[in-house]
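So this one's run36.txt, compact mmCIF, C-alpha atoms:
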```
# COMPACT_ATOMS: atom_id res chain seq x y z
CA LYS A 1 -0.73 52.51 26.73
CA THR A 2 0.48 48.99 25.77
CA LYS A 3 4.22 48.41 25.63
CA VAL A 4 5.40 46.46 22.55
CA GLN A 5 8.30 44.12 23.14
CA ALA A 6 10.78 43.02 20.46
CA VAL A 7 10.41 39.35 19.59
CA GLU A 8 13.17 37.11 18.27
CA LYS A 9 12.49 34.46 15.64
CA ASN A 10 12.24 30.85 16.83
CA PHE A 11 13.80 29.50 13.64
CA PRO A 12 16.66 30.81 11.52
CA THR A 13 15.97 32.22 8.09
CA LEU A 14 16.93 29.60 5.50
CA LYS A 15 18.18 30.09 1.96
CA THR A 16 17.65 27.43 -0.72
CA VAL A 17 20.94 26.27 -2.26
CA ALA A 18 19.70 23.26 -4.26
CA ALA A 19 16.50 21.60 -5.41
CA ILE A 20 16.49 17.80 -5.49
CA GLU A 21 14.54 17.24 -8.68
CA GLY A 22 14.08 14.73 -11.45
CA PRO A 23 12.92 11.13 -11.26
CA TRP A 24 12.47 9.34 -7.94
CA SER A 25 12.39 5.58 -7.43
CA VAL A 26 9.32 4.75 -5.31
CA GLU A 27 8.49 1.33 -3.92
CA PHE A 28 4.97 0.35 -2.82
CA ASP A 29 4.24 -2.95 -1.04
CA PRO A 30 2.45 -5.33 -3.47
CA LYS A 31 0.85 -7.16 -0.50
CA TRP A 32 -1.19 -3.99 0.07
CA GLY A 33 -2.12 -3.43 -3.57
CA GLY A 34 0.96 -1.43 -4.54
CA PRO A 35 2.78 -1.88 -7.85
CA GLY A 36 6.19 -2.66 -6.34
CA GLN A 37 8.97 -0.41 -7.66
CA ILE A 38 7.94 2.45 -9.97
CA THR A 39 9.56 5.69 -11.14
CA PHE A 40 7.91 9.05 -10.50
CA ASP A 41 9.19 11.58 -13.04
CA LYS A 42 8.17 14.24 -10.53
CA LEU A 43 6.75 14.16 -7.03
CA ASP A 44 3.00 13.59 -7.06
CA ASP A 45 0.05 13.16 -4.74
CA TRP A 46 -0.68 9.41 -4.82
CA THR A 47 -4.40 10.11 -5.15
CA ALA A 48 -3.77 12.00 -8.42
CA ARG A 49 -1.96 9.03 -9.99
CA PRO A 50 -3.78 6.94 -12.63
CA GLU A 51 -2.64 3.59 -11.17
CA PRO A 52 -5.33 2.11 -8.87
CA GLY A 53 -2.58 0.43 -6.81
CA ILE A 54 -1.23 3.90 -5.95
CA LYS A 55 -4.40 6.01 -5.98
CA HIS A 56 -5.94 4.01 -3.11
CA TYR A 57 -2.72 2.76 -1.51
CA SER A 58 -2.49 2.89 2.26
CA GLY A 59 0.69 2.09 4.11
CA ARG A 60 4.35 2.84 3.62
CA ALA A 61 6.16 3.66 0.38
CA ARG A 62 9.91 4.19 0.09
CA TYR A 63 11.30 7.04 -2.04
CA ARG A 64 14.92 6.80 -3.17
CA LYS A 65 17.11 9.43 -4.80
CA THR A 66 20.85 9.97 -5.21
CA PHE A 67 22.06 13.57 -5.43
CA ASP A 68 25.15 15.75 -5.20
CA ALA A 69 25.46 18.65 -2.75
CA PRO A 70 26.62 21.99 -4.17
CA GLN A 71 29.64 23.72 -2.65
CA SER A 72 27.33 26.39 -1.19
CA ALA A 73 25.80 23.68 1.05
CA ARG A 74 29.20 22.52 2.30
CA GLU A 75 30.86 25.75 3.39
CA PRO A 76 32.40 25.56 6.89
CA GLY A 77 30.18 26.78 9.70
CA ARG A 78 26.94 26.42 7.75
CA ARG A 79 24.07 24.31 9.02
CA VAL A 80 22.31 22.47 6.21
CA TYR A 81 18.70 21.32 6.26
CA LEU A 82 16.79 18.92 4.07
CA ASP A 83 13.37 20.48 3.45
CA LEU A 84 10.79 17.99 2.15
CA GLY A 85 8.25 20.64 1.15
CA THR A 86 4.78 19.11 1.54
CA LEU A 87 3.98 15.52 2.45
CA HIS A 88 1.13 13.41 3.81
CA SER A 89 1.23 11.98 6.50
CA LEU A 90 4.50 10.83 8.15
CA ALA A 91 8.12 10.66 6.94
CA GLU A 92 11.06 8.56 8.16
CA VAL A 93 14.25 9.98 6.64
CA ARG A 94 17.65 8.34 6.05
CA LEU A 95 20.66 9.92 4.41
CA ASN A 96 23.72 7.87 3.45
CA GLY A 97 22.50 4.96 5.57
CA ARG A 98 21.89 7.00 8.74
CA ASP A 99 18.49 7.55 10.33
CA ILE A 100 18.03 11.28 10.64
CA GLY A 101 14.51 11.64 11.90
CA ILE A 102 10.81 10.99 11.83
CA LEU A 103 8.78 13.97 10.69
CA TRP A 104 5.12 13.95 11.71
CA CYS A 105 4.18 17.63 11.43
CA PRO A 106 5.32 20.77 9.59
CA PRO A 107 7.85 22.13 9.06
CA TRP A 108 8.94 19.03 7.15
CA LYS A 109 12.68 19.59 7.48
CA VAL A 110 15.63 18.02 9.27
CA GLU A 111 19.27 19.02 9.72
CA VAL A 112 21.73 17.03 7.55
CA THR A 113 24.96 19.01 8.03
CA GLU A 114 27.08 16.15 9.39
CA MET A 115 25.93 13.48 6.91
CA LEU A 116 26.04 15.41 3.67
CA LYS A 117 28.77 14.39 1.19
CA PRO A 118 29.92 16.33 -1.90
CA THR A 119 28.65 13.60 -4.29
CA GLY A 120 26.58 10.45 -4.26
CA ASN A 121 24.28 11.24 -1.34
CA LYS A 122 21.75 8.42 -0.97
CA LEU A 123 18.42 9.70 0.29
CA GLU A 124 15.61 7.38 1.43
CA ILE A 125 12.28 8.68 2.65
CA ASP A 126 9.56 6.34 3.89
CA ILE A 127 6.16 7.98 3.65
CA THR A 128 3.23 6.47 5.54
CA ASN A 129 -0.29 7.67 4.85
CA VAL A 130 -3.77 6.98 6.25
CA TRP A 131 -5.79 3.77 6.16
CA ALA A 132 -8.93 5.48 4.85
CA ASN A 133 -7.66 5.56 1.24
CA ARG A 134 -7.43 1.75 1.06
CA ILE A 135 -10.90 1.41 2.57
CA ILE A 136 -12.31 3.80 -0.06
CA GLY A 137 -10.62 1.81 -2.84
CA ASP A 138 -11.73 -1.53 -1.38
CA ALA A 139 -15.34 -0.36 -1.09
CA ALA A 140 -15.52 -0.40 -4.90
CA LEU A 141 -14.26 -4.01 -5.11
CA PRO A 142 -16.07 -7.31 -4.63
CA GLU A 143 -15.54 -8.65 -1.08
CA ASP A 144 -13.16 -11.40 -2.20
CA LYS A 145 -10.83 -8.81 -3.83
CA ARG A 146 -10.65 -6.41 -0.86
CA LEU A 147 -7.41 -6.05 1.09
CA THR A 148 -8.95 -4.48 4.20
CA TRP A 149 -12.00 -4.60 6.37
CA THR A 150 -13.16 -2.79 9.46
CA SER A 151 -15.41 -3.70 12.34
CA SER A 152 -15.78 -0.02 13.13
CA THR A 153 -19.28 1.36 13.31
CA GLY A 154 -17.95 4.90 13.13
CA GLY A 155 -16.23 7.01 10.49
CA LEU A 156 -14.17 4.37 8.67
CA SER A 157 -17.13 2.08 8.03
CA ASN A 158 -18.99 4.98 6.41
CA LEU A 159 -16.39 5.45 3.66
CA LYS A 160 -17.75 4.81 0.17
CA PRO A 161 -16.12 4.52 -3.29
CA THR A 162 -17.45 8.01 -4.06
CA HIS A 163 -15.51 9.62 -1.20
CA LYS A 164 -12.38 11.54 -2.09
CA PRO A 165 -9.17 9.92 -0.78
CA SER A 166 -6.95 11.94 1.56
CA PRO A 167 -3.88 13.54 -0.06
CA SER A 168 -0.91 11.19 0.26
CA GLY A 169 2.78 10.91 -0.47
CA LEU A 170 5.80 13.15 -0.81
CA ARG A 171 4.79 16.23 -2.79
CA GLY A 172 7.90 18.35 -2.39
CA PRO A 173 9.60 20.35 -3.56
CA VAL A 174 12.59 18.76 -1.82
CA LYS A 175 15.42 21.23 -1.24
CA LEU A 176 18.72 21.71 0.54
CA ARG A 177 18.59 24.91 2.57
CA VAL A 178 21.23 26.69 4.66
CA GLU A 179 21.20 29.21 7.51
```

Let me see the file written as structure tokens.
Amino acid sequence: KTKVQAVEKNFPTLKTVAAIEGPWSVEFDPKWGGPGQITFDKLDDWTARPEPGIKHYSGRARYRKTFDAPQSAREPGRRVYLDLGTLHSLAEVRLNGRDIGILWCPPWKVEVTEMLKPTGNKLEIDITNVWANRIIGDAALPEDKRLTWTSSTGGLSNLKPTHKPSPSGLRGPVKLRVE
């Protein structure tokens, strides 16, 4: 007969206290085909966007948002986490001018207890995606208009304009969660 042992959870159970919604300011590097600063009314996969400079963008884009923290996120003794929801592929997070972490795998959350203010929290999230999307976009352009090239004889060089780009960007939902 097998003995079953009680197992404790590795992570605390979190309760959502606020969603960080509404428009986000997003800045893409024009040197890599991006449109510069643009507003996303809601968080989107870059590859679903109609703008070619976003759909096939590869590199880093900076998301900016200012938000207020509800009282329920600021009660003494509570640990507060910023949960980014879903993203592709890497996130560097800053809150109120402080670096708070690089997230490279799920769960896409980081503790923000000590940096959270009642009002005017300035959130910046740099999202970096994969190079393949730019190669797919460039494959449809004349050589003199391409931003990238590869000397690879493997996977990257086999990408064609008909290939589907990899999901990219901050998809959310972004939330404040407490223990």

So that I can check the surroundings of Ser25 of chain A, please list as a VMD selection string every protein, DNA and RNA residue that reaches within 7 Å of it, counting only C-alpha atoms and ignoring chain neighbours fewer than 5 positions away.
chain A and resid 37 to 40 63 to 65

Sorted per-residue table, segment 58-157 of chain A near segment 162-175 of chain A, closest atoms and distance, 6 Å, all atoms listed in the file, as a Markdown table:
```
| residue | atom | partner | partner_atom | distance |
| --- | --- | --- | --- | --- |
| A:Leu82 | CA | A:Lys175 | CA | 6.0 |
| A:Asp83 | CA | A:Lys175 | CA | 5.2 |
| A:Leu84 | CA | A:Val174 | CA | 4.4 |
| A:Gly85 | CA | A:Gly172 | CA | 4.2 |
| A:Thr86 | CA | A:Gly172 | CA | 5.1 |
| A:Leu87 | CA | A:Leu170 | CA | 4.4 |
| A:His88 | CA | A:Ser168 | CA | 4.7 |
| A:Asn129 | CA | A:Ser168 | CA | 5.8 |
| A:Asn133 | CA | A:Pro165 | CA | 5.0 |
```

Select, from A:Lys117, A:Arg62, A:Lys3, A:Arg78, the residue with the minimum atom-to-atom distance to Ala91 of chain A, counting all atoms listed in the file.
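When distances to Ala91 of chain A are compared using all atoms listed in the file, the smallest one comes from A:Arg62.
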
Report the distance between atom CA of Lys109 of chain A and atom CA of Gly33 of chain A in Å, rounded to one decimal place.
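Distance between the two atoms: 29.5 Å.
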
For each of A:Trp108, A:Trp32, A:Phe67, A:Tyr57, take the minimum atom-to-atom distance to Ile136 of chain A, counting only C-alpha atoms, then give the residue where this is smallest.
A:Tyr57

Which residue, A:Arg60, A:Arg74, A:Arg94, A:Arg79, has the smallest gap to Leu14 of chain A when you use all atoms listed in the file?
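Of A:Arg60, A:Arg74, A:Arg94, A:Arg79, the one nearest Leu14 of chain A is A:Arg79, counting all atoms listed in the file.
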
A:Pro118, A:Pro142, A:Gly101, A:Gly34 ranked by distance to Ala73 of chain A, top pick (using all atoms listed in the file):
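Of A:Pro118, A:Pro142, A:Gly101, A:Gly34, the one nearest Ala73 of chain A is A:Pro118, counting all atoms listed in the file.
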
Nearest residue to Val130 of chain A out of A:Leu43, A:Ile54, A:Leu90, A:Ala69, using all atoms listed in the file?
A:Leu90
